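Student: One structure, pasted below without further comment.
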Amino acid sequence: MNDQKSVEIETRNLKKSFGGLAVLHGVDFSVRRDQVQALIGPSGSGKSTFLRCLNLLEFPDSGEILWKGTPVNYLRMRPAELSRHRRKMGMVFQHFHLFPHRTVLENVIEGPVQVLATPLRRARDEGMAILERVGLLEKASAWPEQLSGGQKQRVAIARALAMNPEVLLLDEVTSALDVEMVSGINELLTGLAASGMTMVVVTHDIGFARRVADRICFFDEGRIVESGISADLLERPESPRLLDFLSSVDGSR
Ligand SMILES: Nc1ncnc2c1ncn2[C@@H]1O[C@H](COP(=O)(O)OP(=O)(O)OP(=O)(O)O)[C@@H](O)[C@H]1O
Ligand SMILES: [Mg+2]
């Protein structure tokens, strides 16, 4: 699916260590426009670190990052170039990181107003449209503490969308939620995927990965051990590590 579309972001032989601990051992990855790639794998295998390297919240030690085919010179970037790179990708985390003393709408328009210099009125109109899209229009003037976990995560997703990113990076965005909130967020993400949003989704929810993602990459010990079309990879895993992992998360195998 989407194999004809252009590559948005790509890495080649990406490596990252923290002190003496090698965390990424040379990751080759790409995501095409309108494609959804899920990253799965055991805890500590480097999924979050890899996601953070994509938008340079973390700097790789070596290897290439290419944005639409152009190498990103991450070791010699000026601050303005760095923030331009980061703005291309919206990131949503497990914990929501909302501003507690701002209303829902203020949280959503903070980036457009402060970073993109969008005029306040336009930012508010666009912010309301995004809140409608994520199903939170009636909470526009609520405070974060008045929201459920699922609603807070919707605000975090709205805030990322408000920056009009070309790629959305999502790191276990349902892991901190009560189970009854999870399906609503998954539905929202499925809708975003269907609307053509390019996404890289780290998840422990294999069923969701299968439903939402065109392709899945299996991380293990800092490497992508296996990747492929979602259903193929899950139904016919080739490496013993992936087989083990799938058995450990799904007792029915
Ligand atoms: N800032 C850091 N400083 C030192 N070590 C780190 C740092 N961030 C991550 N690590 C280490 O890097 C390894 C990979 O962590 P990472 O968070 O990328 O794994 P993960 O696959 O996202 O795991 P999980 O599924 O539990 O979220 C772990 O051993 C972790 O302890
Ligand atoms: Mg993680």
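As shown in the structure tokens, the chain order sets the letters A, B, ...; within each chain, residues go from 1, and ligands are also counted from 1 in the order they appear.
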Would you name the residues within 7 Å of ligand 1, counting only C-alpha atoms and all ligand atoms, and put them as a ChimeraX atom specification?
Tutor: /A:18,23,41-50
Student: Considering only alpha helix (DSSP H) as DSSP defines it on the backbone, what residues of stretch 21-156 of chain A qualify? List them as a CSV table (one decimal) with N, CA, C and O atoms, in the first residue's frame.
Tutor:
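So selection11.csv came out as:
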chain,number,residue,atom,x,y,z
A,47,LYS,N,12.7,1.8,20.7
A,47,LYS,CA,11.7,2.4,19.8
A,47,LYS,C,11.5,3.9,20.1
A,47,LYS,O,11.5,4.7,19.2
A,48,SER,N,11.4,4.2,21.4
A,48,SER,CA,11.2,5.7,21.7
A,48,SER,C,12.5,6.5,21.3
A,48,SER,O,12.3,7.6,20.8
A,49,THR,N,13.6,5.9,21.6
A,49,THR,CA,14.9,6.6,21.2
A,49,THR,C,14.9,6.8,19.7
A,49,THR,O,15.2,8.0,19.3
A,50,PHE,N,14.5,5.8,19.0
A,50,PHE,CA,14.5,6.0,17.5
A,50,PHE,C,13.5,7.1,17.1
A,50,PHE,O,13.9,8.0,16.3
A,51,LEU,N,12.3,7.1,17.7
A,51,LEU,CA,11.3,8.1,17.3
A,51,LEU,C,11.9,9.5,17.7
A,51,LEU,O,11.7,10.4,16.9
A,52,ARG,N,12.5,9.6,18.8
A,52,ARG,CA,13.1,10.9,19.2
A,52,ARG,C,14.2,11.4,18.3
A,52,ARG,O,14.5,12.5,18.2
A,53,CYS,N,14.9,10.4,17.8
A,53,CYS,CA,16.0,10.7,16.9
A,53,CYS,C,15.4,11.3,15.5
A,53,CYS,O,16.0,12.1,14.9
A,54,LEU,N,14.3,10.8,15.1
A,54,LEU,CA,13.7,11.2,13.9
A,54,LEU,C,13.5,12.7,13.9
A,54,LEU,O,13.7,13.4,12.9
A,79,PRO,N,20.1,26.7,15.3
A,79,PRO,CA,18.8,26.5,16.0
A,79,PRO,C,17.6,26.7,15.2
A,79,PRO,O,16.6,26.0,15.3
A,80,ALA,N,17.6,27.6,14.2
A,80,ALA,CA,16.5,27.9,13.4
A,80,ALA,C,16.2,26.7,12.5
A,80,ALA,O,15.0,26.3,12.3
A,81,GLU,N,17.3,26.1,12.0
A,81,GLU,CA,17.1,24.9,11.1
A,81,GLU,C,16.5,23.7,11.9
A,81,GLU,O,15.7,22.9,11.5
A,82,LEU,N,17.0,23.6,13.2
A,82,LEU,CA,16.6,22.5,14.0
A,82,LEU,C,15.1,22.7,14.3
A,82,LEU,O,14.3,21.7,14.2
A,83,SER,N,14.7,23.9,14.6
A,83,SER,CA,13.2,24.0,14.9
A,83,SER,C,12.4,23.8,13.7
A,83,SER,O,11.3,23.3,13.7
A,84,ARG,N,12.9,24.2,12.5
A,84,ARG,CA,12.2,23.9,11.3
A,84,ARG,C,12.0,22.4,11.0
A,84,ARG,O,11.0,21.9,10.6
A,85,HIS,N,13.1,21.7,11.3
A,85,HIS,CA,13.1,20.2,11.1
A,85,HIS,C,12.0,19.6,12.1
A,85,HIS,O,11.2,18.8,11.7
A,86,ARG,N,12.0,20.1,13.3
A,86,ARG,CA,11.1,19.5,14.3
A,86,ARG,C,9.6,19.8,14.0
A,86,ARG,O,8.8,19.1,14.3
A,87,ARG,N,9.4,21.0,13.4
A,87,ARG,CA,8.1,21.4,13.1
A,87,ARG,C,7.4,20.6,12.0
A,87,ARG,O,6.2,20.5,11.9
A,104,VAL,N,-8.1,24.4,27.2
A,104,VAL,CA,-7.9,23.4,26.1
A,104,VAL,C,-7.6,24.2,24.9
A,104,VAL,O,-6.6,23.9,24.2
A,105,LEU,N,-8.4,25.2,24.5
A,105,LEU,CA,-8.1,25.9,23.3
A,105,LEU,C,-6.8,26.6,23.3
A,105,LEU,O,-6.0,26.6,22.4
A,106,GLU,N,-6.5,27.2,24.5
A,106,GLU,CA,-5.2,27.9,24.6
A,106,GLU,C,-4.0,26.9,24.4
A,106,GLU,O,-3.0,27.3,23.8
A,107,ASN,N,-4.2,25.7,25.0
A,107,ASN,CA,-3.1,24.7,24.7
A,107,ASN,C,-2.9,24.4,23.3
A,107,ASN,O,-1.8,24.3,22.8
A,108,VAL,N,-4.1,24.4,22.5
A,108,VAL,CA,-4.0,24.0,21.1
A,108,VAL,C,-3.4,25.1,20.3
A,108,VAL,O,-2.6,24.8,19.3
A,109,ILE,N,-3.7,26.4,20.6
A,109,ILE,CA,-3.2,27.5,19.8
A,109,ILE,C,-1.9,28.0,20.2
A,109,ILE,O,-1.3,28.9,19.5
A,110,GLU,N,-1.3,27.6,21.3
A,110,GLU,CA,0.0,28.1,21.8
A,110,GLU,C,1.1,28.0,20.7
A,110,GLU,O,1.7,29.0,20.4
A,111,GLY,N,1.2,26.8,20.1
A,111,GLY,CA,2.2,26.6,19.1
A,111,GLY,C,2.0,27.5,17.9
A,111,GLY,O,2.9,28.3,17.5
A,112,PRO,N,0.8,27.5,17.3
A,112,PRO,CA,0.6,28.3,16.1
A,112,PRO,C,0.9,29.8,16.4
A,112,PRO,O,1.5,30.5,15.6
A,113,VAL,N,0.4,30.3,17.5
A,113,VAL,CA,0.6,31.7,17.8
A,113,VAL,C,2.0,32.1,18.1
A,113,VAL,O,2.6,33.0,17.6
A,114,GLN,N,2.7,31.2,19.0
A,114,GLN,CA,4.0,31.6,19.5
A,114,GLN,C,5.1,31.2,18.4
A,114,GLN,O,6.1,32.0,18.3
A,120,LEU,N,-4.0,35.7,16.2
A,120,LEU,CA,-4.8,35.0,17.2
A,120,LEU,C,-6.2,34.6,16.7
A,120,LEU,O,-6.6,33.5,17.0
A,121,ARG,N,-6.9,35.4,16.0
A,121,ARG,CA,-8.2,35.1,15.6
A,121,ARG,C,-8.2,33.9,14.6
A,121,ARG,O,-9.1,33.0,14.8
A,122,ARG,N,-7.3,33.9,13.7
A,122,ARG,CA,-7.2,32.7,12.8
A,122,ARG,C,-6.8,31.5,13.6
A,122,ARG,O,-7.4,30.4,13.4
A,123,ALA,N,-5.9,31.6,14.5
A,123,ALA,CA,-5.5,30.5,15.3
A,123,ALA,C,-6.6,29.9,16.1
A,123,ALA,O,-6.8,28.7,16.2
A,124,ARG,N,-7.5,30.8,16.6
A,124,ARG,CA,-8.6,30.3,17.4
A,124,ARG,C,-9.6,29.6,16.5
A,124,ARG,O,-10.1,28.5,16.9
A,125,ASP,N,-9.9,30.1,15.3
A,125,ASP,CA,-10.8,29.5,14.4
A,125,ASP,C,-10.3,28.1,14.0
A,125,ASP,O,-11.0,27.1,14.0
A,126,GLU,N,-9.0,28.1,13.7
A,126,GLU,CA,-8.4,26.8,13.3
A,126,GLU,C,-8.4,25.8,14.4
A,126,GLU,O,-8.6,24.6,14.3
A,127,GLY,N,-8.1,26.3,15.6
A,127,GLY,CA,-8.0,25.5,16.8
A,127,GLY,C,-9.4,24.9,17.1
A,127,GLY,O,-9.5,23.7,17.5
A,128,MET,N,-10.5,25.7,16.9
A,128,MET,CA,-11.8,25.1,17.2
A,128,MET,C,-12.1,24.0,16.2
A,128,MET,O,-12.7,23.0,16.5
A,129,ALA,N,-11.7,24.3,14.9
A,129,ALA,CA,-12.0,23.2,13.9
A,129,ALA,C,-11.2,21.9,14.2
A,129,ALA,O,-11.8,20.8,14.1
A,130,ILE,N,-10.0,22.1,14.8
A,130,ILE,CA,-9.3,20.9,15.1
A,130,ILE,C,-9.9,20.2,16.4
A,130,ILE,O,-10.0,19.0,16.4
A,131,LEU,N,-10.4,21.0,17.3
A,131,LEU,CA,-11.0,20.4,18.5
A,131,LEU,C,-12.3,19.7,18.0
A,131,LEU,O,-12.6,18.6,18.6
A,132,GLU,N,-13.0,20.2,17.0
A,132,GLU,CA,-14.1,19.5,16.5
A,132,GLU,C,-13.7,18.1,15.9
A,132,GLU,O,-14.3,17.1,16.2
A,133,ARG,N,-12.6,18.2,15.2
A,133,ARG,CA,-12.1,17.0,14.6
A,133,ARG,C,-11.8,15.9,15.6
A,133,ARG,O,-12.0,14.7,15.3
A,149,GLY,N,-8.3,11.3,31.2
A,149,GLY,CA,-7.1,11.0,30.5
A,149,GLY,C,-7.2,10.9,29.0
A,149,GLY,O,-6.4,11.5,28.2
A,150,GLY,N,-8.3,10.3,28.5
A,150,GLY,CA,-8.6,10.2,27.1
A,150,GLY,C,-8.8,11.5,26.5
A,150,GLY,O,-8.3,11.8,25.4
A,151,GLN,N,-9.5,12.4,27.2
A,151,GLN,CA,-9.7,13.8,26.7
A,151,GLN,C,-8.4,14.6,26.6
A,151,GLN,O,-8.1,15.3,25.7
A,152,LYS,N,-7.6,14.4,27.7
A,152,LYS,CA,-6.2,15.1,27.7
A,152,LYS,C,-5.4,14.6,26.5
A,152,LYS,O,-4.7,15.4,25.8
A,153,GLN,N,-5.5,13.3,26.2
A,153,GLN,CA,-4.7,12.8,25.1
A,153,GLN,C,-5.3,13.4,23.7
A,153,GLN,O,-4.5,13.7,22.8
A,154,ARG,N,-6.6,13.6,23.7
A,154,ARG,CA,-7.1,14.2,22.5
A,154,ARG,C,-6.6,15.6,22.3
A,154,ARG,O,-6.3,16.1,21.2
A,155,VAL,N,-6.5,16.3,23.4
A,155,VAL,CA,-5.9,17.7,23.4
A,155,VAL,C,-4.5,17.7,22.9
A,155,VAL,O,-4.1,18.5,22.0
A,156,ALA,N,-3.7,16.7,23.4
A,156,ALA,CA,-2.3,16.6,23.0
A,156,ALA,C,-2.2,16.3,21.5
A,156,ALA,O,-1.4,16.8,20.7
Student: Where does DSSP see strand (DSSP E) in stretch 71-101 of chain A, if you list the residues as a VMD selection string?
Tutor: chain A and resid 71 89 to 92
Student: Check the smallest atom-to-atom distance from each of A:Val202, A:Ile157, A:Leu66, A:Leu242 to ligand 2 using only C-alpha atoms and all ligand atoms, then report the winner.
Tutor: A:Val202
Student: Which is closer to ligand 2 than all the others in A:Arg210, A:His95, A:Arg32, A:Arg12, using only C-alpha atoms and all ligand atoms?
Tutor: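 Counting only C-alpha atoms and all ligand atoms, the residue closest to ligand 2 is A:His95.
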Student: For ligand 2, which residue out of A:Leu170, A:Met197, A:Leu192, A:Val31 is the nearest one, using only C-alpha atoms and all ligand atoms?
Tutor: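 Among the listed residues, the smallest separation from ligand 2 belongs to A:Leu170.
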Student: Using only C-alpha atoms and all ligand atoms, can you tell me which of A:Val115, A:Val173, A:Leu137, A:Ile9 comes closest to ligand 2?
Tutor: A:Val173
